[in-house]
$ cat upload.csv   # CSV, C-alpha atoms
chain,number,residue,atom,x,y,z
W,1085,MET,CA,151.4,50.3,86.8
W,1086,ALA,CA,149.3,50.2,83.7
W,1087,GLU,CA,151.8,48.0,82.0
W,1088,PHE,CA,151.7,45.6,85.0
W,1089,LEU,CA,147.9,45.4,84.7
W,1090,ASP,CA,148.2,44.7,80.9
W,1091,ILE,CA,150.6,41.8,81.5
W,1092,LEU,CA,148.4,40.4,84.3
W,1093,GLY,CA,145.3,40.6,82.1
W,1094,ALA,CA,147.2,38.9,79.2
W,1095,LEU,CA,148.3,36.2,81.5
W,1096,LEU,CA,144.8,35.6,82.8
W,1097,LEU,CA,143.6,35.5,79.2
W,1098,LEU,CA,146.2,33.0,78.3
W,1099,ALA,CA,145.3,30.8,81.3
W,1100,GLY,CA,141.6,30.9,80.2
W,1101,THR,CA,142.4,29.8,76.7
W,1102,ILE,CA,144.6,27.0,78.1
W,1103,PHE,CA,141.6,25.8,80.1
W,1104,LEU,CA,139.5,26.0,76.9
W,1105,LEU,CA,142.2,23.9,75.1
W,1106,LEU,CA,142.1,21.3,77.9
W,1107,GLY,CA,138.3,21.2,77.6
W,1108,GLY,CA,138.6,20.7,73.8
W,1109,LEU,CA,141.2,18.0,74.4
W,1110,GLY,CA,138.8,16.2,76.8
W,1111,LEU,CA,136.0,16.5,74.2
W,1112,VAL,CA,138.2,14.8,71.6
W,1113,ARG,CA,139.8,12.1,73.9
W,1114,MET,CA,137.1,11.1,76.4
W,1115,PRO,CA,135.6,7.7,75.7
W,1116,ASP,CA,132.1,8.1,77.1
W,1117,ILE,CA,129.3,10.6,76.4
W,1118,TYR,CA,129.0,11.7,80.1
W,1119,ASN,CA,132.8,12.3,80.3
W,1120,ARG,CA,132.5,14.4,77.2
W,1121,ILE,CA,129.7,16.5,78.8
W,1122,GLN,CA,131.8,17.1,81.9
W,1123,ALA,CA,134.9,18.1,79.8
W,1124,GLY,CA,132.9,20.2,77.3
W,1125,THR,CA,130.9,22.3,79.8
W,1126,LYS,CA,132.9,22.6,83.1
W,1127,ALA,CA,136.4,23.3,81.8
W,1128,THR,CA,135.1,25.7,79.1
W,1129,THR,CA,133.0,27.6,81.7
W,1130,LEU,CA,136.1,28.2,83.8
W,1131,GLY,CA,138.2,29.1,80.7
W,1132,THR,CA,135.6,31.6,79.5
W,1133,LEU,CA,135.3,33.2,82.9
W,1134,LEU,CA,139.1,33.6,83.2
W,1135,SER,CA,139.2,35.1,79.7
W,1136,LEU,CA,136.5,37.6,80.7
W,1137,VAL,CA,138.5,38.6,83.9
W,1138,GLY,CA,141.6,39.0,81.8
W,1139,VAL,CA,139.8,41.3,79.3
W,1140,ALA,CA,138.5,43.3,82.2
W,1141,PHE,CA,142.1,43.9,83.4
W,1142,LEU,CA,143.1,45.0,79.9
W,1143,HIS,CA,140.1,47.3,79.4
W,1144,PRO,CA,138.6,48.4,82.8
W,1145,GLU,CA,135.9,50.5,81.0
W,1146,TRP,CA,134.3,47.3,79.7
W,1147,SER,CA,133.9,45.7,83.1
W,1148,LEU,CA,130.1,46.0,83.4
W,1149,LYS,CA,129.4,44.2,80.1
W,1150,LEU,CA,132.0,41.6,80.9
W,1151,LEU,CA,130.4,41.0,84.3
W,1152,LEU,CA,127.0,40.6,82.5
W,1153,ILE,CA,128.3,38.0,80.1
W,1154,GLY,CA,130.0,36.2,83.0
W,1155,VAL,CA,126.9,36.0,85.1
W,1156,PHE,CA,124.9,34.9,82.1
W,1157,LEU,CA,127.4,32.1,81.4
W,1158,LEU,CA,127.3,31.0,85.0
W,1159,PHE,CA,123.5,30.7,84.7
W,1160,THR,CA,123.3,29.0,81.3
W,1161,ASN,CA,126.2,26.5,81.2
W,1162,PRO,CA,125.1,24.2,84.0
W,1163,LEU,CA,121.6,24.3,82.7
W,1164,SER,CA,122.6,23.2,79.2
W,1165,SER,CA,124.9,20.5,80.7
W,1166,GLN,CA,121.9,19.1,82.6
W,1167,VAL,CA,119.6,19.2,79.6
W,1168,LEU,CA,122.3,17.5,77.5
W,1169,ALA,CA,122.8,14.7,80.0
W,1170,ARG,CA,119.0,14.2,80.2
W,1171,ALA,CA,118.8,14.0,76.4
W,1172,ALA,CA,121.7,11.5,76.3
W,1173,HIS,CA,119.9,9.2,78.8
W,1174,ARG,CA,116.5,9.4,77.2
W,1175,THR,CA,117.8,8.8,73.7
W,1176,GLY,CA,119.9,5.8,74.9
W,1177,ALA,CA,123.1,7.3,73.5
W,1178,HIS,CA,124.9,6.8,76.8
W,1179,LYS,CA,125.2,3.0,76.5
W,1180,SER,CA,128.9,2.0,76.5
W,1181,SER,CA,131.1,-0.8,77.9
W,1182,ALA,CA,132.5,1.7,80.4
W,1183,MET,CA,129.2,2.2,82.1
W,1184,ILE,CA,128.4,-0.6,84.6
W,1185,VAL,CA,125.8,0.8,87.0
W,1186,ASP,CA,122.8,2.9,85.9
W,1187,HIS,CA,120.7,3.8,88.9
W,1188,LEU,CA,118.4,6.1,87.0
W,1189,GLU,CA,117.3,3.2,84.7
W,1190,ASP,CA,116.8,1.0,87.8
W,1191,ASP,CA,114.6,3.6,89.4
W,1192,LEU,CA,112.6,4.2,86.3
W,1193,GLY,CA,112.1,0.4,85.8
W,1194,GLU,CA,110.7,0.0,89.3
W,1195,LYS,CA,107.8,2.3,88.7
W,1196,PRO,CA,104.5,0.4,88.0
L,140,MET,CA,155.0,41.5,76.0
L,141,ALA,CA,151.2,41.7,76.5
L,142,GLU,CA,150.6,41.7,72.8
L,143,VAL,CA,152.7,38.5,72.4
L,144,LEU,CA,150.7,36.8,75.1
L,145,ILE,CA,147.4,37.9,73.6
L,146,THR,CA,148.4,36.6,70.1
L,147,LEU,CA,149.4,33.3,71.7
L,148,ALA,CA,146.1,33.0,73.4
L,149,ALA,CA,144.3,33.7,70.1
L,150,ILE,CA,146.2,31.0,68.4
L,151,ILE,CA,145.3,28.5,71.2
L,152,THR,CA,141.7,29.5,70.8
L,153,CYS,CA,141.8,28.7,67.1
L,154,VAL,CA,143.4,25.3,67.8
L,155,THR,CA,140.6,24.6,70.4
L,156,PHE,CA,138.0,25.6,67.8
L,157,LEU,CA,139.4,23.1,65.3
L,158,MET,CA,139.5,20.3,67.9
L,159,VAL,CA,135.9,20.8,69.0
L,160,LEU,CA,134.9,21.0,65.3
L,161,TRP,CA,136.5,17.6,64.8
L,162,ARG,CA,134.2,16.1,67.5
L,163,PHE,CA,131.3,17.9,65.9
L,164,ILE,CA,132.0,16.3,62.5
L,165,LYS,CA,132.9,12.8,63.8
L,166,GLY,CA,130.6,12.5,66.9
L,167,PRO,CA,129.0,9.1,66.7
L,168,SER,CA,125.6,10.1,68.2
L,169,PRO,CA,123.5,13.3,67.8
L,170,VAL,CA,124.0,14.1,71.5
L,171,ASP,CA,127.8,14.2,70.9
L,172,ARG,CA,127.2,16.7,68.2
L,173,ILE,CA,125.1,19.0,70.4
L,174,ILE,CA,127.8,18.8,73.1
L,175,ALA,CA,130.4,19.8,70.5
L,176,PHE,CA,128.0,22.6,69.3
L,177,ASP,CA,127.8,23.9,72.9
L,178,GLY,CA,131.5,23.9,73.1
L,179,LEU,CA,131.9,25.6,69.8
L,180,THR,CA,129.6,28.5,70.9
L,181,ILE,CA,131.5,28.9,74.2
L,182,VAL,CA,134.8,29.0,72.3
L,183,SER,CA,133.3,31.5,69.8
L,184,ILE,CA,132.4,33.9,72.7
L,185,THR,CA,136.1,34.0,73.5
L,186,GLY,CA,136.8,34.6,69.9
L,187,ILE,CA,134.5,37.6,69.9
L,188,LEU,CA,136.5,38.9,72.9
L,189,PHE,CA,139.6,38.7,70.8
L,190,ALA,CA,137.9,40.6,68.0
L,191,ALA,CA,136.9,43.3,70.5
L,192,LEU,CA,140.4,43.5,71.7
L,193,ALA,CA,141.9,43.7,68.2
L,194,ALA,CA,139.4,46.4,67.1
L,195,GLU,CA,139.4,48.2,70.5
L,196,ARG,CA,135.6,48.5,70.3
L,197,GLY,CA,133.5,47.6,73.3
L,198,ILE,CA,130.3,47.4,71.3
L,199,TYR,CA,131.4,43.9,70.2
L,200,LEU,CA,130.7,42.6,73.7
L,201,ASP,CA,127.0,43.2,73.1
L,202,VAL,CA,127.3,40.9,70.1
L,203,ALA,CA,128.9,38.3,72.4
L,204,LEU,CA,126.0,38.6,74.9
L,205,VAL,CA,123.3,38.2,72.3
L,206,TYR,CA,125.3,35.3,70.8
L,207,ALA,CA,125.5,33.6,74.1
L,208,LEU,CA,121.7,34.0,74.6
L,209,LEU,CA,120.8,32.6,71.2
L,210,SER,CA,123.2,29.7,71.2
L,211,PHE,CA,121.9,28.7,74.7
L,212,LEU,CA,118.4,28.7,73.3
L,213,GLY,CA,119.5,26.7,70.3
L,214,VAL,CA,121.1,24.0,72.5
L,215,ILE,CA,118.0,23.7,74.7
L,216,VAL,CA,115.7,23.4,71.7
L,217,VAL,CA,117.7,20.8,69.9
L,218,ALA,CA,118.1,18.7,73.1
L,219,ARG,CA,114.4,18.8,73.8
L,220,PHE,CA,113.8,17.8,70.2
L,221,LEU,CA,116.0,14.8,70.6
L,222,GLU,CA,114.2,13.8,73.8
L,223,ARG,CA,110.7,14.0,72.5
L,224,GLY,CA,110.8,14.2,68.8
L,225,PHE,CA,107.9,16.5,68.4
$ encode --input "upload.csv" --output "structure tokens"
Amino acid sequence: MAEFLDILGALLLLAGTIFLLLGGLGLVRMPDIYNRIQAGTKATTLGTLLSLVGVAFLHPEWSLKLLLIGVFLLFTNPLSSQVLARAAHRTGAHKSSAMIVDHLEDDLGEKP
Amino acid sequence: MAEVLITLAAIITCVTFLMVLWRFIKGPSPVDRIIAFDGLTIVSITGILFAALAAERGIYLDVALVYALLSFLGVIVVARFLERGF
């Protein structure tokens, strides 16, 4: 039984690192800054959470600390994603040929 | 069996770190570099997990928690600096 839990934890850890690898691949390959924000924060969040669950299967006595790290990541990663997107829009770094419609800029322009 | 899978996962994490580091070095705009920095810290938390597994010491997870806190604050501060330039 313990061996089965070890293999299950290692498989979850491997799945988490594969999600991290896909996030890194998106960060390298994506053409636009908003696409890079999506790849760099969403996929890596899921990858880290899966890795934490895998380590919890490997060492059940660390579960409380791992849960703490997971909850903290769930709070902070969307927040940093939103702050990065706002910084990208305000510094004007988001301009690219792939971006056709910018509703936020239209709304800001209509203000007196 | 489990050790082989964990070693493979550690190698994949190292490859991911190098890929995100490439974006950090190349990134055309400063915001690209902060996104890559955020990714680097998240990958590093997984790296600390592997260090804890290799050393069999749970105290390393406290290091991962404090590291996550400080890197989050760093990302927020640099993003606010780029917005306002204070």
$ interface_residues --input "upload.csv" --of "chain W" --to "chain L" --cutoff "9 Å" --atoms "all atoms listed in the file" --output "ChimeraX atom specification"
/W:1087,1090-1095,1097-1102,1104-1109,1111-1112,1117,1120-1121,1124-1125,1128-1129,1131-1132,1135-1136,1139,1142-1143,1145-1146,1149-1150,1152-1153,1156-1157,1160-1161,1163-1165,1167-1175,1177
$ closest_residue --input "upload.csv" --among "W:Pro1162, W:Gly1154, W:Gly1193, W:Gly1138" --to "Leu1096 in chain W" --atoms "only C-alpha atoms"
W:Gly1138
$ atom_distance --input "upload.csv" --atom1 "CA of Tyr206 in chain L" --atom2 "CA of Asn1119 in chain W"
26.0 Å
$ atom_distance --input "upload.csv" --atom1 "CA of Met1183 in chain W" --atom2 "CA of Phe1159 in chain W"
29.2 Å
$ atom_distance --input "upload.csv" --atom1 "CA of Ile187 in chain L" --atom2 "CA of Leu1134 in chain W"
14.6 Å
$ decode --input "upload.csv" --residues "range 159-192 of chain L" --atoms "N, CA and C atoms" --output "mmCIF file, in the first residue's frame"
data_model
loop_
_atom_site.group_PDB
_atom_site.id
_atom_site.type_symbol
_atom_site.label_atom_id
_atom_site.label_comp_id
_atom_site.auth_asym_id
_atom_site.auth_seq_id
_atom_site.Cartn_x
_atom_site.Cartn_y
_atom_site.Cartn_z
ATOM 1 N N VAL L 159 12.267 29.434 -19.134
ATOM 2 C CA VAL L 159 11.737 30.700 -18.615
ATOM 3 C C VAL L 159 12.868 31.717 -18.483
ATOM 4 N N LEU L 160 14.080 31.244 -18.159
ATOM 5 C CA LEU L 160 15.234 32.150 -18.066
ATOM 6 C C LEU L 160 15.562 32.753 -19.427
ATOM 7 N N TRP L 161 15.319 31.980 -20.494
ATOM 8 C CA TRP L 161 15.547 32.517 -21.841
ATOM 9 C C TRP L 161 14.616 33.696 -22.095
ATOM 10 N N ARG L 162 13.332 33.553 -21.697
ATOM 11 C CA ARG L 162 12.407 34.668 -21.872
ATOM 12 C C ARG L 162 12.816 35.850 -20.990
ATOM 13 N N PHE L 163 13.342 35.557 -19.790
ATOM 14 C CA PHE L 163 13.773 36.635 -18.887
ATOM 15 C C PHE L 163 14.913 37.423 -19.501
ATOM 16 N N ILE L 164 15.832 36.743 -20.193
ATOM 17 C CA ILE L 164 16.971 37.451 -20.781
ATOM 18 C C ILE L 164 16.546 38.178 -22.047
ATOM 19 N N LYS L 165 15.710 37.533 -22.884
ATOM 20 C CA LYS L 165 15.423 38.073 -24.207
ATOM 21 C C LYS L 165 14.315 39.116 -24.192
ATOM 22 N N GLY L 166 13.296 38.887 -23.304
ATOM 23 C CA GLY L 166 12.046 39.632 -23.315
ATOM 24 C C GLY L 166 12.120 41.050 -23.820
ATOM 25 N N PRO L 167 11.363 41.412 -24.853
ATOM 26 C CA PRO L 167 11.548 42.733 -25.445
ATOM 27 C C PRO L 167 11.168 43.877 -24.517
ATOM 28 N N SER L 168 10.133 43.716 -23.705
ATOM 29 C CA SER L 168 9.714 44.827 -22.844
ATOM 30 C C SER L 168 9.969 44.469 -21.380
ATOM 31 N N PRO L 169 10.030 45.469 -20.511
ATOM 32 C CA PRO L 169 10.224 45.174 -19.082
ATOM 33 C C PRO L 169 9.109 44.320 -18.488
ATOM 34 N N VAL L 170 7.873 44.478 -18.983
ATOM 35 C CA VAL L 170 6.775 43.677 -18.431
ATOM 36 C C VAL L 170 6.981 42.200 -18.757
ATOM 37 N N ASP L 171 7.536 41.905 -19.951
ATOM 38 C CA ASP L 171 7.878 40.522 -20.272
ATOM 39 C C ASP L 171 8.856 39.954 -19.252
ATOM 40 N N ARG L 172 9.800 40.797 -18.840
ATOM 41 C CA ARG L 172 10.802 40.308 -17.883
ATOM 42 C C ARG L 172 10.168 40.050 -16.527
ATOM 43 N N ILE L 173 9.186 40.887 -16.124
ATOM 44 C CA ILE L 173 8.545 40.607 -14.818
ATOM 45 C C ILE L 173 7.717 39.338 -14.901
ATOM 46 N N ILE L 174 7.042 39.107 -16.046
ATOM 47 C CA ILE L 174 6.276 37.869 -16.187
ATOM 48 C C ILE L 174 7.212 36.674 -16.073
ATOM 49 N N ALA L 175 8.365 36.769 -16.728
ATOM 50 C CA ALA L 175 9.325 35.671 -16.657
ATOM 51 C C ALA L 175 9.862 35.510 -15.239
ATOM 52 N N PHE L 176 10.027 36.641 -14.517
ATOM 53 C CA PHE L 176 10.503 36.557 -13.129
ATOM 54 C C PHE L 176 9.475 35.853 -12.244
ATOM 55 N N ASP L 177 8.192 36.177 -12.477
ATOM 56 C CA ASP L 177 7.125 35.498 -11.735
ATOM 57 C C ASP L 177 7.162 33.997 -11.996
ATOM 58 N N GLY L 178 7.325 33.640 -13.296
ATOM 59 C CA GLY L 178 7.424 32.225 -13.623
ATOM 60 C C GLY L 178 8.631 31.557 -12.990
ATOM 61 N N LEU L 179 9.754 32.275 -12.962
ATOM 62 C CA LEU L 179 10.972 31.715 -12.355
ATOM 63 C C LEU L 179 10.771 31.416 -10.876
ATOM 64 N N THR L 180 10.092 32.333 -10.167
ATOM 65 C CA THR L 180 9.892 32.079 -8.738
ATOM 66 C C THR L 180 8.964 30.893 -8.512
ATOM 67 N N ILE L 181 7.923 30.758 -9.377
ATOM 68 C CA ILE L 181 6.998 29.633 -9.196
ATOM 69 C C ILE L 181 7.711 28.314 -9.475
ATOM 70 N N VAL L 182 8.572 28.312 -10.522
ATOM 71 C CA VAL L 182 9.330 27.091 -10.800
ATOM 72 C C VAL L 182 10.316 26.804 -9.660
ATOM 73 N N SER L 183 10.858 27.873 -9.067
ATOM 74 C CA SER L 183 11.817 27.679 -7.975
ATOM 75 C C SER L 183 11.163 27.064 -6.749
ATOM 76 N N ILE L 184 9.861 27.367 -6.521
ATOM 77 C CA ILE L 184 9.169 26.748 -5.382
ATOM 78 C C ILE L 184 9.123 25.235 -5.574
ATOM 79 N N THR L 185 8.849 24.805 -6.824
ATOM 80 C CA THR L 185 8.888 23.365 -7.094
ATOM 81 C C THR L 185 10.295 22.817 -6.907
ATOM 82 N N GLY L 186 11.309 23.615 -7.264
ATOM 83 C CA GLY L 186 12.683 23.176 -7.043
ATOM 84 C C GLY L 186 12.993 22.980 -5.569
ATOM 85 N N ILE L 187 12.456 23.877 -4.712
ATOM 86 C CA ILE L 187 12.662 23.725 -3.272
ATOM 87 C C ILE L 187 11.973 22.461 -2.770
ATOM 88 N N LEU L 188 10.807 22.132 -3.394
ATOM 89 C CA LEU L 188 10.142 20.865 -3.030
ATOM 90 C C LEU L 188 11.047 19.678 -3.324
ATOM 91 N N PHE L 189 11.728 19.719 -4.468
ATOM 92 C CA PHE L 189 12.632 18.611 -4.802
ATOM 93 C C PHE L 189 13.808 18.558 -3.830
ATOM 94 N N ALA L 190 14.296 19.735 -3.407
ATOM 95 C CA ALA L 190 15.383 19.746 -2.417
ATOM 96 C C ALA L 190 14.921 19.125 -1.105
ATOM 97 N N ALA L 191 13.663 19.446 -0.710
ATOM 98 C CA ALA L 191 13.133 18.864 0.530
ATOM 99 C C ALA L 191 12.974 17.356 0.407
ATOM 100 N N LEU L 192 12.552 16.899 -0.790
ATOM 101 C CA LEU L 192 12.414 15.455 -0.991
ATOM 102 C C LEU L 192 13.766 14.762 -0.961
#
